[in-house]
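Q: Quick one: the structure is below, questions incoming.
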Amino acid sequence: MVLHHCTVDPVSIHEFDVVVLGAGPAGEVFAGQSADAGLKVALVEQGLVAGECSYYACMPSKALLRPAEALDEARRLPGVKEAVTGQLNVKAVLERRDEVIHHLDDSDQMGWLEERGIELFRGTGVIAGEREIRVDGEVLVANRAVAIATGSSASIPPVPGLAETPIWNNRQATTTEEVPESLIILGAGPVGCELAQAWSTLGTEVTLFEPEDRVLVHEEAFAGDLVDQALREKYGVRLLTDTAVDSVSCPDSEITVTAGGNDYSAAHLLVATGRRPRTDRIGLESIGIDSGGPLETDDCYRVKGYDWLFAVGDVNGRAPLTHMGKYQSWVGVRTLLGHEPDNRAEPLGSPRVTFTNPQVAAVGKTLAQAQAGGIDAVAIDASADSSAGASFVGKGIEGQCRLVVDRSSGLIVGATFVGFEVAEWLHAATVAIVGQVPMDELRHAVAAFPTRSEIWLRFSEKWEVRQ
């Protein structure tokens with residue numbers, strides 16, 4: 001692998017088959033798949049190779065969540081709870097988090113780049129014309145394609161005073177070296193809910209604001225209700241739904257949020273109200289594309305009107321999830337290599353998990369979304385503890401599961417699982433949806449006893465009653 005630490009002078013020109021802007025998960029896959037196909041590839045990254053999810057989002061947040069959940073599970077199990085003494089070792093939790101994110105050091109990533117002959121350019125990549133990228137003093141010419149995989153940044157809402165206030169985004173909230181004494185969070189989506197739970201288990205006093213009437217508004221209502229209940233009752237989060245923030249100020253060492261005529265103060269303020277694509281300052285104007293918003297692509301992730309330009313991951317705004325960015329890159333590279341376009345996963349609805357306790361794992365449509373889309377949909381509900389396996393794992397954690405089924409075809413169009421560590425249940429539902437396996441056929445996919453996978457038997461039994 002050739003590693004370039006770019007400088008402003010002199011200018012040198014390098015030719016490649018493919019140039020990828022951004023070395024997060026989507027960019028890594030686009031670069032890796034292209035190189036595996038024998039193409040000469042350059043990868044441009046101004047930060048850490050492996051991207052936001054590995055260092056500042058998915059991975060560190062799960063490292064913060066897991067210890068308290070494991071302790072909680074142990075304390076629910078007779079014969080084990082008697083052996084559990086003391087509290088969490090917060091220092092060890094943070095040290096383990098740092099280990100997971102490799103102490104914000106991406107040197108371990110260099111091996112796979114070298115194995116594939118990918119040249120890494122450290123610097124800010126800017127499009128300077130068709131198939132041309134400038135990285136400080138270097139010019140990269142892409143003979144076949146450029147892929148934009150620059151990801152997204154935290155979106156800051158237009159709340160009076162917020163722009164002048166020292167705030168946290170996901171980066172500070174997942175990598176801080178000290179447990180905050182108090183924390184206010186704006187936004188009760190997956191990031192807000194996960195970090196509210198994580199820091200509360202480590203001793204932080206957390207206040208969570210959500211302008212909608214429930215948390216996790218894009219999921220089934222029962223999912224939001226169960227997470228809401230856990231945050232309030234189990235984790236002691238002060239949760240204010242249906243509450244819009246009027247203003248933010250920082251008159252002294254604390255930050256004050258005003259909402260509904262009341263003031264709320266904390267040592268830190270985390271804004272978790274969404275993401276915006278990083279499409280500004282990458283030179284899109286040089287090829288006639290307005291910057292700042294998501295890049296519009298076709299279903300093969302080529303930017304519309306530019307057969308040489310791909311946009312994968314958060315930058316296209318289609319499915320801003322790490323795993324979907326990887327999938328998009330796979331589709332894009334196959335298209336680049338001349339394969340027949342094939343993108344079946346995204347239109348069916350991306351799989352997604354909120355790693356709270358209870359977890360929320362979902363794929364496809366909610367019941368309301370299916371019905372609004374004209375599908376004659378019916379809900380098949382089952383309790384998360386309705387299998388024999390629930391006697392051994394997650395006992396006492398309330399949960400509910402739902403399949404959304406097209407009544408006429410018997411095909412699953414959506415699934416939601418809420419309960420203890422249900423994320424691993426999700427892939428079976430994803431396979432059933434993508435494979436278009438009807439409910440009658442799924443009855444022959446026998447779940448082993450006594451596993452929690454017998455939830456699928458409960459679904460089949462309830463479906464048969466409806467026929």
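Ordered as shown in the structure tokens, chains take letters A, B, and onward, while each chain numbers its residues from 1 and ligands are numbered from 1 in the order shown.
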At a cut-off of 6 Å, using only C-alpha atoms, what residues contact A:Gly51? Leave out same-chain residues fewer than 3 positions from it and give the result as a PDB file with N, CA and C atoms, in the first residue's frame.
A:
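The file below, part_4.pdb, is the result:
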ATOM      1  N   GLY A  24     -15.180   5.647   5.259  1.00  0.00           N
ATOM      2  CA  GLY A  24     -16.082   5.014   6.203  1.00  0.00           C
ATOM      3  C   GLY A  24     -16.536   3.670   5.660  1.00  0.00           C
ATOM      4  N   LEU A  48     -10.301   9.364  10.074  1.00  0.00           N
ATOM      5  CA  LEU A  48      -9.885   8.007  10.397  1.00  0.00           C
ATOM      6  C   LEU A  48     -10.480   7.006   9.417  1.00  0.00           C
ATOM      7  N   SER A  54     -17.409   3.394  13.330  1.00  0.00           N
ATOM      8  CA  SER A  54     -16.431   2.609  14.073  1.00  0.00           C
ATOM      9  C   SER A  54     -15.872   3.337  15.276  1.00  0.00           C
TER      10      SER A  54
END
Q: Please tabulate, as JSON lines, the residues of stretch 24-79 of chain A that come within 10 Å of stretch 115-126 of chain A, each with its closest pair of atoms and the distance in Å to one decimal, counting only C-alpha atoms and ordering rows by chain, then residue number upward.
A:
{"residue": "A:Ala31", "atom": "CA", "partner": "A:Ile118", "partner_atom": "CA", "distance": 7.5}
{"residue": "A:Gly32", "atom": "CA", "partner": "A:Arg116", "partner_atom": "CA", "distance": 7.1}
{"residue": "A:Gln33", "atom": "CA", "partner": "A:Arg116", "partner_atom": "CA", "distance": 9.4}
{"residue": "A:Ser34", "atom": "CA", "partner": "A:Arg116", "partner_atom": "CA", "distance": 9.4}
{"residue": "A:Ala35", "atom": "CA", "partner": "A:Arg116", "partner_atom": "CA", "distance": 5.9}
{"residue": "A:Asp36", "atom": "CA", "partner": "A:Arg116", "partner_atom": "CA", "distance": 6.7}
{"residue": "A:Ala37", "atom": "CA", "partner": "A:Arg116", "partner_atom": "CA", "distance": 9.9}
{"residue": "A:Gly38", "atom": "CA", "partner": "A:Arg116", "partner_atom": "CA", "distance": 8.9}
{"residue": "A:Leu39", "atom": "CA", "partner": "A:Ile118", "partner_atom": "CA", "distance": 9.3}
{"residue": "A:Lys40", "atom": "CA", "partner": "A:Ile118", "partner_atom": "CA", "distance": 7.1}
{"residue": "A:Val41", "atom": "CA", "partner": "A:Ile118", "partner_atom": "CA", "distance": 5.3}
{"residue": "A:Ala42", "atom": "CA", "partner": "A:Glu119", "partner_atom": "CA", "distance": 4.8}
{"residue": "A:Leu43", "atom": "CA", "partner": "A:Leu120", "partner_atom": "CA", "distance": 4.9}
{"residue": "A:Val44", "atom": "CA", "partner": "A:Phe121", "partner_atom": "CA", "distance": 4.8}
{"residue": "A:Glu45", "atom": "CA", "partner": "A:Arg122", "partner_atom": "CA", "distance": 5.3}
{"residue": "A:Gln46", "atom": "CA", "partner": "A:Gly123", "partner_atom": "CA", "distance": 4.3}
{"residue": "A:Gly47", "atom": "CA", "partner": "A:Arg122", "partner_atom": "CA", "distance": 7.7}
{"residue": "A:Leu48", "atom": "CA", "partner": "A:Arg122", "partner_atom": "CA", "distance": 9.2}
{"residue": "A:Val49", "atom": "CA", "partner": "A:Leu120", "partner_atom": "CA", "distance": 9.3}
Q: How would the residues just chosen look if you wrote them out with N, CA and C atoms as an mmCIF file, in the first residue's frame?
A:
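Once written, out_30.cif looks like this:
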data_model
loop_
_atom_site.group_PDB
_atom_site.id
_atom_site.type_symbol
_atom_site.label_atom_id
_atom_site.label_comp_id
_atom_site.auth_asym_id
_atom_site.auth_seq_id
_atom_site.Cartn_x
_atom_site.Cartn_y
_atom_site.Cartn_z
ATOM 1 N N ALA A 31 -14.214 0.663 -2.248
ATOM 2 C CA ALA A 31 -12.797 0.528 -2.592
ATOM 3 C C ALA A 31 -12.373 -0.930 -2.588
ATOM 4 N N GLY A 32 -12.742 -1.664 -1.555
ATOM 5 C CA GLY A 32 -12.330 -3.055 -1.436
ATOM 6 C C GLY A 32 -12.880 -3.935 -2.536
ATOM 7 N N GLN A 33 -14.178 -3.782 -2.842
ATOM 8 C CA GLN A 33 -14.782 -4.600 -3.896
ATOM 9 C C GLN A 33 -14.174 -4.271 -5.253
ATOM 10 N N SER A 34 -13.889 -2.991 -5.478
ATOM 11 C CA SER A 34 -13.272 -2.600 -6.752
ATOM 12 C C SER A 34 -11.878 -3.200 -6.878
ATOM 13 N N ALA A 35 -11.107 -3.114 -5.800
ATOM 14 C CA ALA A 35 -9.754 -3.674 -5.833
ATOM 15 C C ALA A 35 -9.784 -5.184 -5.992
ATOM 16 N N ASP A 36 -10.723 -5.847 -5.332
ATOM 17 C CA ASP A 36 -10.833 -7.301 -5.459
ATOM 18 C C ASP A 36 -11.145 -7.717 -6.899
ATOM 19 N N ALA A 37 -11.776 -6.805 -7.644
ATOM 20 C CA ALA A 37 -12.107 -7.086 -9.043
ATOM 21 C C ALA A 37 -10.947 -6.755 -9.979
ATOM 22 N N GLY A 38 -9.815 -6.356 -9.414
ATOM 23 C CA GLY A 38 -8.636 -6.092 -10.227
ATOM 24 C C GLY A 38 -8.461 -4.657 -10.658
ATOM 25 N N LEU A 39 -9.284 -3.752 -10.132
ATOM 26 C CA LEU A 39 -9.160 -2.344 -10.495
ATOM 27 C C LEU A 39 -8.138 -1.646 -9.615
ATOM 28 N N LYS A 40 -7.507 -0.620 -10.168
ATOM 29 C CA LYS A 40 -6.558 0.198 -9.421
ATOM 30 C C LYS A 40 -7.342 1.276 -8.689
ATOM 31 N N VAL A 41 -7.180 1.340 -7.356
ATOM 32 C CA VAL A 41 -8.084 2.136 -6.529
ATOM 33 C C VAL A 41 -7.307 3.101 -5.640
ATOM 34 N N ALA A 42 -7.846 4.324 -5.542
ATOM 35 C CA ALA A 42 -7.369 5.307 -4.564
ATOM 36 C C ALA A 42 -8.492 5.589 -3.577
ATOM 37 N N LEU A 43 -8.129 5.705 -2.312
ATOM 38 C CA LEU A 43 -9.076 5.992 -1.246
ATOM 39 C C LEU A 43 -8.624 7.282 -0.558
ATOM 40 N N VAL A 44 -9.531 8.256 -0.471
ATOM 41 C CA VAL A 44 -9.198 9.565 0.089
ATOM 42 C C VAL A 44 -9.924 9.739 1.410
ATOM 43 N N GLU A 45 -9.196 10.083 2.462
ATOM 44 C CA GLU A 45 -9.811 10.252 3.785
ATOM 45 C C GLU A 45 -9.065 11.327 4.568
ATOM 46 N N GLN A 46 -9.839 12.296 5.093
ATOM 47 C CA GLN A 46 -9.221 13.348 5.901
ATOM 48 C C GLN A 46 -9.204 13.003 7.383
ATOM 49 N N GLY A 47 -9.991 11.999 7.783
ATOM 50 C CA GLY A 47 -10.039 11.595 9.179
ATOM 51 C C GLY A 47 -9.509 10.192 9.376
ATOM 52 N N LEU A 48 -10.301 9.364 10.074
ATOM 53 C CA LEU A 48 -9.885 8.007 10.397
ATOM 54 C C LEU A 48 -10.480 7.006 9.417
ATOM 55 N N VAL A 49 -9.637 6.102 8.936
ATOM 56 C CA VAL A 49 -10.125 5.033 8.073
ATOM 57 C C VAL A 49 -11.008 4.103 8.904
#
Q: Mind the document's chain letters and residue numbers, and return as a count of residues only the residues of stretch 4-43 of chain A that DSSP labels strand (DSSP E or B).
A: 15
Q: Would you please work out which residue, of A:Leu183, A:Leu269, A:Val135, A:Leu64, is nearest to A:Val206 when using only C-alpha atoms?
A: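 Closest candidate: A:Leu183.
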Q: Find the residues near stretch 257-265 of chain A: any atom within 9 Å, counting only C-alpha atoms, skip ones fewer than 6 places away on the same chain, and give them as a list in words.
A: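 Skipping anything fewer than 6 positions along the chain leaves Ser182, Leu183, Ile184, Thr207, Thr243, Ala244, Val245, Asp246, Ser247, Val248, Ser249 and Cys250 of chain A.
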Q: Write out, as a PDB file, in the first residue's frame, the residues just selected, with C-alpha atoms.
A:
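Generated output (out.pdb):
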ATOM      1  CA  SER A 182     -25.649  15.869  34.077  1.00  0.00           C
ATOM      2  CA  LEU A 183     -26.665  15.764  30.448  1.00  0.00           C
ATOM      3  CA  ILE A 184     -29.537  17.177  28.412  1.00  0.00           C
ATOM      4  CA  THR A 207     -32.981  14.815  30.690  1.00  0.00           C
ATOM      5  CA  THR A 243     -42.046  19.130  24.324  1.00  0.00           C
ATOM      6  CA  ALA A 244     -40.358  21.481  21.888  1.00  0.00           C
ATOM      7  CA  VAL A 245     -37.306  23.423  23.018  1.00  0.00           C
ATOM      8  CA  ASP A 246     -37.839  27.186  22.840  1.00  0.00           C
ATOM      9  CA  SER A 247     -34.282  28.386  23.431  1.00  0.00           C
ATOM     10  CA  VAL A 248     -30.845  27.457  24.720  1.00  0.00           C
ATOM     11  CA  SER A 249     -28.415  29.601  26.684  1.00  0.00           C
ATOM     12  CA  CYS A 250     -25.140  29.210  28.545  1.00  0.00           C
TER      13      CYS A 250
END
Q: With distances taken over only C-alpha atoms, which residue among A:Val84, A:Val93, A:Val146, A:Ala221 lies nearest A:Ala128?
A: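 When distances to A:Ala128 are compared using only C-alpha atoms, the smallest one comes from A:Val146.
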Q: Please provide as an MDAnalysis selection string all residues within 6 Å of A:Val360, with the sequence filter that same-chain residues fewer than 5 positions apart are discarded (counting only C-alpha atoms).
A: chainID A and resid 353:354 417:418
Q: Residues as selected, C-alpha atoms, written as a compact mmCIF listing (two decimals), in the first residue's frame, can you do that?
A:
# COMPACT_ATOMS: atom_id res chain seq x y z
CA VAL A 353 -31.83 -1.80 15.51
CA THR A 354 -32.05 0.54 18.48
CA PHE A 417 -39.19 -7.18 17.68
CA VAL A 418 -39.02 -5.46 21.07
Q: Please indicate the distance in Å from atom CA of A:Ser253 to atom CA of A:Leu239, rounded to one decimal place.
A: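 Going from atom CA of A:Ser253 over to atom CA of A:Leu239, I get 23.2 Å.
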Q: If you measure from atom CA of A:Glu398 to atom CA of A:Gly349, what distance in Å do you get, rounded to one decimal?
A: 25.8 Å
Q: Please provide the set of residues having any atom within 8 Å of stretch 305-320 of chain A, restricted to only C-alpha atoms, with same-chain residues fewer than 3 positions apart removed, written as a ChimeraX atom specification.
A: /A:26-27,131,144-152,277-279,294-297,301-302,324-326,328-329,332,346,350
Q: Keeping only N, CA and C atoms, write those residues as a PDB file, in the first residue's frame.
A:
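Output saved as part-v4.pdb:
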ATOM      1  N   ALA A  26     -19.097   2.581   3.866  1.00  0.00           N
ATOM      2  CA  ALA A  26     -19.495   2.529   2.461  1.00  0.00           C
ATOM      3  C   ALA A  26     -18.288   2.695   1.550  1.00  0.00           C
ATOM      4  N   GLY A  27     -17.423   3.654   1.873  1.00  0.00           N
ATOM      5  CA  GLY A  27     -16.243   3.865   1.056  1.00  0.00           C
ATOM      6  C   GLY A  27     -15.283   2.691   1.088  1.00  0.00           C
ATOM      7  N   ARG A 131     -14.202  13.260 -13.383  1.00  0.00           N
ATOM      8  CA  ARG A 131     -13.259  12.195 -13.024  1.00  0.00           C
ATOM      9  C   ARG A 131     -11.941  12.723 -12.460  1.00  0.00           C
ATOM     10  N   ARG A 144     -12.331   5.364 -14.645  1.00  0.00           N
ATOM     11  CA  ARG A 144     -13.640   4.720 -14.770  1.00  0.00           C
ATOM     12  C   ARG A 144     -14.705   5.358 -13.882  1.00  0.00           C
ATOM     13  N   ALA A 145     -14.401   5.587 -12.601  1.00  0.00           N
ATOM     14  CA  ALA A 145     -15.474   6.070 -11.725  1.00  0.00           C
ATOM     15  C   ALA A 145     -14.917   6.774 -10.504  1.00  0.00           C
ATOM     16  N   VAL A 146     -15.736   7.686  -9.990  1.00  0.00           N
ATOM     17  CA  VAL A 146     -15.527   8.306  -8.683  1.00  0.00           C
ATOM     18  C   VAL A 146     -16.708   7.923  -7.804  1.00  0.00           C
ATOM     19  N   ALA A 147     -16.437   7.550  -6.580  1.00  0.00           N
ATOM     20  CA  ALA A 147     -17.503   7.242  -5.620  1.00  0.00           C
ATOM     21  C   ALA A 147     -17.417   8.221  -4.462  1.00  0.00           C
ATOM     22  N   ILE A 148     -18.524   8.903  -4.199  1.00  0.00           N
ATOM     23  CA  ILE A 148     -18.602   9.817  -3.060  1.00  0.00           C
ATOM     24  C   ILE A 148     -19.202   9.051  -1.891  1.00  0.00           C
ATOM     25  N   ALA A 149     -18.422   8.937  -0.824  1.00  0.00           N
ATOM     26  CA  ALA A 149     -18.857   8.200   0.368  1.00  0.00           C
ATOM     27  C   ALA A 149     -18.428   8.983   1.601  1.00  0.00           C
ATOM     28  N   THR A 150     -18.732  10.267   1.595  1.00  0.00           N
ATOM     29  CA  THR A 150     -18.242  11.174   2.636  1.00  0.00           C
ATOM     30  C   THR A 150     -19.114  11.207   3.882  1.00  0.00           C
ATOM     31  N   GLY A 151     -20.192  10.423   3.916  1.00  0.00           N
ATOM     32  CA  GLY A 151     -20.966  10.252   5.141  1.00  0.00           C
ATOM     33  C   GLY A 151     -21.840  11.429   5.499  1.00  0.00           C
ATOM     34  N   SER A 152     -22.052  11.612   6.793  1.00  0.00           N
ATOM     35  CA  SER A 152     -22.945  12.662   7.278  1.00  0.00           C
ATOM     36  C   SER A 152     -22.398  13.244   8.570  1.00  0.00           C
ATOM     37  N   PRO A 277     -26.113  15.195   5.114  1.00  0.00           N
ATOM     38  CA  PRO A 277     -25.051  14.619   4.289  1.00  0.00           C
ATOM     39  C   PRO A 277     -23.877  15.581   4.147  1.00  0.00           C
ATOM     40  N   ARG A 278     -22.670  15.022   4.131  1.00  0.00           N
ATOM     41  CA  ARG A 278     -21.472  15.843   3.937  1.00  0.00           C
ATOM     42  C   ARG A 278     -21.218  15.994   2.429  1.00  0.00           C
ATOM     43  N   THR A 279     -21.964  16.878   1.819  1.00  0.00           N
ATOM     44  CA  THR A 279     -21.798  17.117   0.382  1.00  0.00           C
ATOM     45  C   THR A 279     -21.326  18.534   0.089  1.00  0.00           C
ATOM     46  N   PRO A 294     -28.619  15.980   0.030  1.00  0.00           N
ATOM     47  CA  PRO A 294     -28.308  14.619  -0.410  1.00  0.00           C
ATOM     48  C   PRO A 294     -28.179  14.546  -1.924  1.00  0.00           C
ATOM     49  N   LEU A 295     -27.354  13.644  -2.398  1.00  0.00           N
ATOM     50  CA  LEU A 295     -27.148  13.458  -3.827  1.00  0.00           C
ATOM     51  C   LEU A 295     -28.184  12.483  -4.371  1.00  0.00           C
ATOM     52  N   GLU A 296     -28.898  12.899  -5.374  1.00  0.00           N
ATOM     53  CA  GLU A 296     -29.947  12.057  -5.946  1.00  0.00           C
ATOM     54  C   GLU A 296     -29.319  11.006  -6.855  1.00  0.00           C
ATOM     55  N   THR A 297     -29.657   9.755  -6.602  1.00  0.00           N
ATOM     56  CA  THR A 297     -29.082   8.656  -7.382  1.00  0.00           C
ATOM     57  C   THR A 297     -30.172   7.786  -7.978  1.00  0.00           C
ATOM     58  N   TYR A 301     -27.159   3.574  -7.557  1.00  0.00           N
ATOM     59  CA  TYR A 301     -26.389   4.551  -6.778  1.00  0.00           C
ATOM     60  C   TYR A 301     -25.432   5.376  -7.622  1.00  0.00           C
ATOM     61  N   ARG A 302     -25.762   5.488  -8.936  1.00  0.00           N
ATOM     62  CA  ARG A 302     -25.095   6.474  -9.768  1.00  0.00           C
ATOM     63  C   ARG A 302     -25.820   7.798  -9.599  1.00  0.00           C
ATOM     64  N   MET A 324     -26.549  -0.491   5.268  1.00  0.00           N
ATOM     65  CA  MET A 324     -27.126  -0.183   3.961  1.00  0.00           C
ATOM     66  C   MET A 324     -26.112   0.527   3.073  1.00  0.00           C
ATOM     67  N   GLY A 325     -25.231   1.325   3.675  1.00  0.00           N
ATOM     68  CA  GLY A 325     -24.158   1.923   2.895  1.00  0.00           C
ATOM     69  C   GLY A 325     -23.249   0.861   2.295  1.00  0.00           C
ATOM     70  N   LYS A 326     -22.972  -0.175   3.072  1.00  0.00           N
ATOM     71  CA  LYS A 326     -22.161  -1.282   2.557  1.00  0.00           C
ATOM     72  C   LYS A 326     -22.876  -1.987   1.402  1.00  0.00           C
ATOM     73  N   GLN A 328     -25.179  -0.713  -0.577  1.00  0.00           N
ATOM     74  CA  GLN A 328     -25.199   0.182  -1.728  1.00  0.00           C
ATOM     75  C   GLN A 328     -23.879   0.134  -2.493  1.00  0.00           C
ATOM     76  N   SER A 329     -22.775   0.069  -1.764  1.00  0.00           N
ATOM     77  CA  SER A 329     -21.473  -0.004  -2.424  1.00  0.00           C
ATOM     78  C   SER A 329     -21.329  -1.303  -3.207  1.00  0.00           C
ATOM     79  N   GLY A 332     -23.306  -0.821  -6.279  1.00  0.00           N
ATOM     80  CA  GLY A 332     -22.637   0.125  -7.166  1.00  0.00           C
ATOM     81  C   GLY A 332     -21.458  -0.477  -7.898  1.00  0.00           C
ATOM     82  N   GLU A 346     -33.143  -2.493  -0.505  1.00  0.00           N
ATOM     83  CA  GLU A 346     -33.551  -1.167  -0.035  1.00  0.00           C
ATOM     84  C   GLU A 346     -35.038  -0.859  -0.226  1.00  0.00           C
ATOM     85  N   SER A 350     -35.184  -1.006   5.094  1.00  0.00           N
ATOM     86  CA  SER A 350     -33.901  -1.372   5.687  1.00  0.00           C
ATOM     87  C   SER A 350     -34.069  -2.006   7.065  1.00  0.00           C
TER      88      SER A 350
END
Q: Using only C-alpha atoms, which of A:Arg275, A:Asp381, A:Val422, A:His218 sits nearest A:Gln369?
A: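 Of the candidates, the smallest distance to A:Gln369 is held by A:His218.
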Q: When you count only C-alpha atoms, which of these residues is closest to A:Lys462: A:Asp440, A:Asp298, A:Glu254, A:Asp280?
A: A:Asp440
Q: Restricting the calculation to only C-alpha atoms: of A:Leu216, A:Val141, A:Ala272, A:Glu194, which residue gets closest to A:Arg171?
A: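 Of all the options, A:Ala272 lies closest to A:Arg171.
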Q: Excluding same-chain residues fewer than 5 positions from A:Glu210, what lies within 8 Å of it counting only C-alpha atoms, as a PyMOL selection string?
A: chain A and resi 186-188+215+239-244
Q: Would you mind exporting N, CA and C atoms of the selected residues as a PDB file, in the first residue's frame?
A:
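The resulting result_0.pdb:
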ATOM      1  N   LEU A 186     -31.266  16.486  23.190  1.00  0.00           N
ATOM      2  CA  LEU A 186     -32.354  16.904  22.297  1.00  0.00           C
ATOM      3  C   LEU A 186     -32.528  15.844  21.228  1.00  0.00           C
ATOM      4  N   GLY A 187     -33.704  15.208  21.214  1.00  0.00           N
ATOM      5  CA  GLY A 187     -33.993  14.204  20.211  1.00  0.00           C
ATOM      6  C   GLY A 187     -34.023  12.803  20.764  1.00  0.00           C
ATOM      7  N   ALA A 188     -35.189  12.154  20.687  1.00  0.00           N
ATOM      8  CA  ALA A 188     -35.347  10.804  21.225  1.00  0.00           C
ATOM      9  C   ALA A 188     -35.509   9.781  20.113  1.00  0.00           C
ATOM     10  N   VAL A 215     -41.188   8.517  21.787  1.00  0.00           N
ATOM     11  CA  VAL A 215     -39.831   8.281  21.306  1.00  0.00           C
ATOM     12  C   VAL A 215     -39.884   7.327  20.109  1.00  0.00           C
ATOM     13  N   LEU A 239     -37.772  12.183  30.997  1.00  0.00           N
ATOM     14  CA  LEU A 239     -38.139  12.165  29.590  1.00  0.00           C
ATOM     15  C   LEU A 239     -39.323  13.095  29.357  1.00  0.00           C
ATOM     16  N   LEU A 240     -39.126  14.061  28.485  1.00  0.00           N
ATOM     17  CA  LEU A 240     -40.151  15.061  28.185  1.00  0.00           C
ATOM     18  C   LEU A 240     -40.535  14.939  26.719  1.00  0.00           C
ATOM     19  N   THR A 241     -41.582  14.154  26.442  1.00  0.00           N
ATOM     20  CA  THR A 241     -42.088  14.037  25.077  1.00  0.00           C
ATOM     21  C   THR A 241     -43.109  15.138  24.831  1.00  0.00           C
ATOM     22  N   ASP A 242     -43.429  15.308  23.538  1.00  0.00           N
ATOM     23  CA  ASP A 242     -44.380  16.367  23.141  1.00  0.00           C
ATOM     24  C   ASP A 242     -43.920  17.725  23.685  1.00  0.00           C
ATOM     25  N   THR A 243     -42.619  17.920  23.726  1.00  0.00           N
ATOM     26  CA  THR A 243     -42.046  19.130  24.324  1.00  0.00           C
ATOM     27  C   THR A 243     -40.979  19.695  23.392  1.00  0.00           C
ATOM     28  N   ALA A 244     -41.310  20.808  22.768  1.00  0.00           N
ATOM     29  CA  ALA A 244     -40.358  21.481  21.888  1.00  0.00           C
ATOM     30  C   ALA A 244     -39.491  22.433  22.702  1.00  0.00           C
TER      31      ALA A 244
END
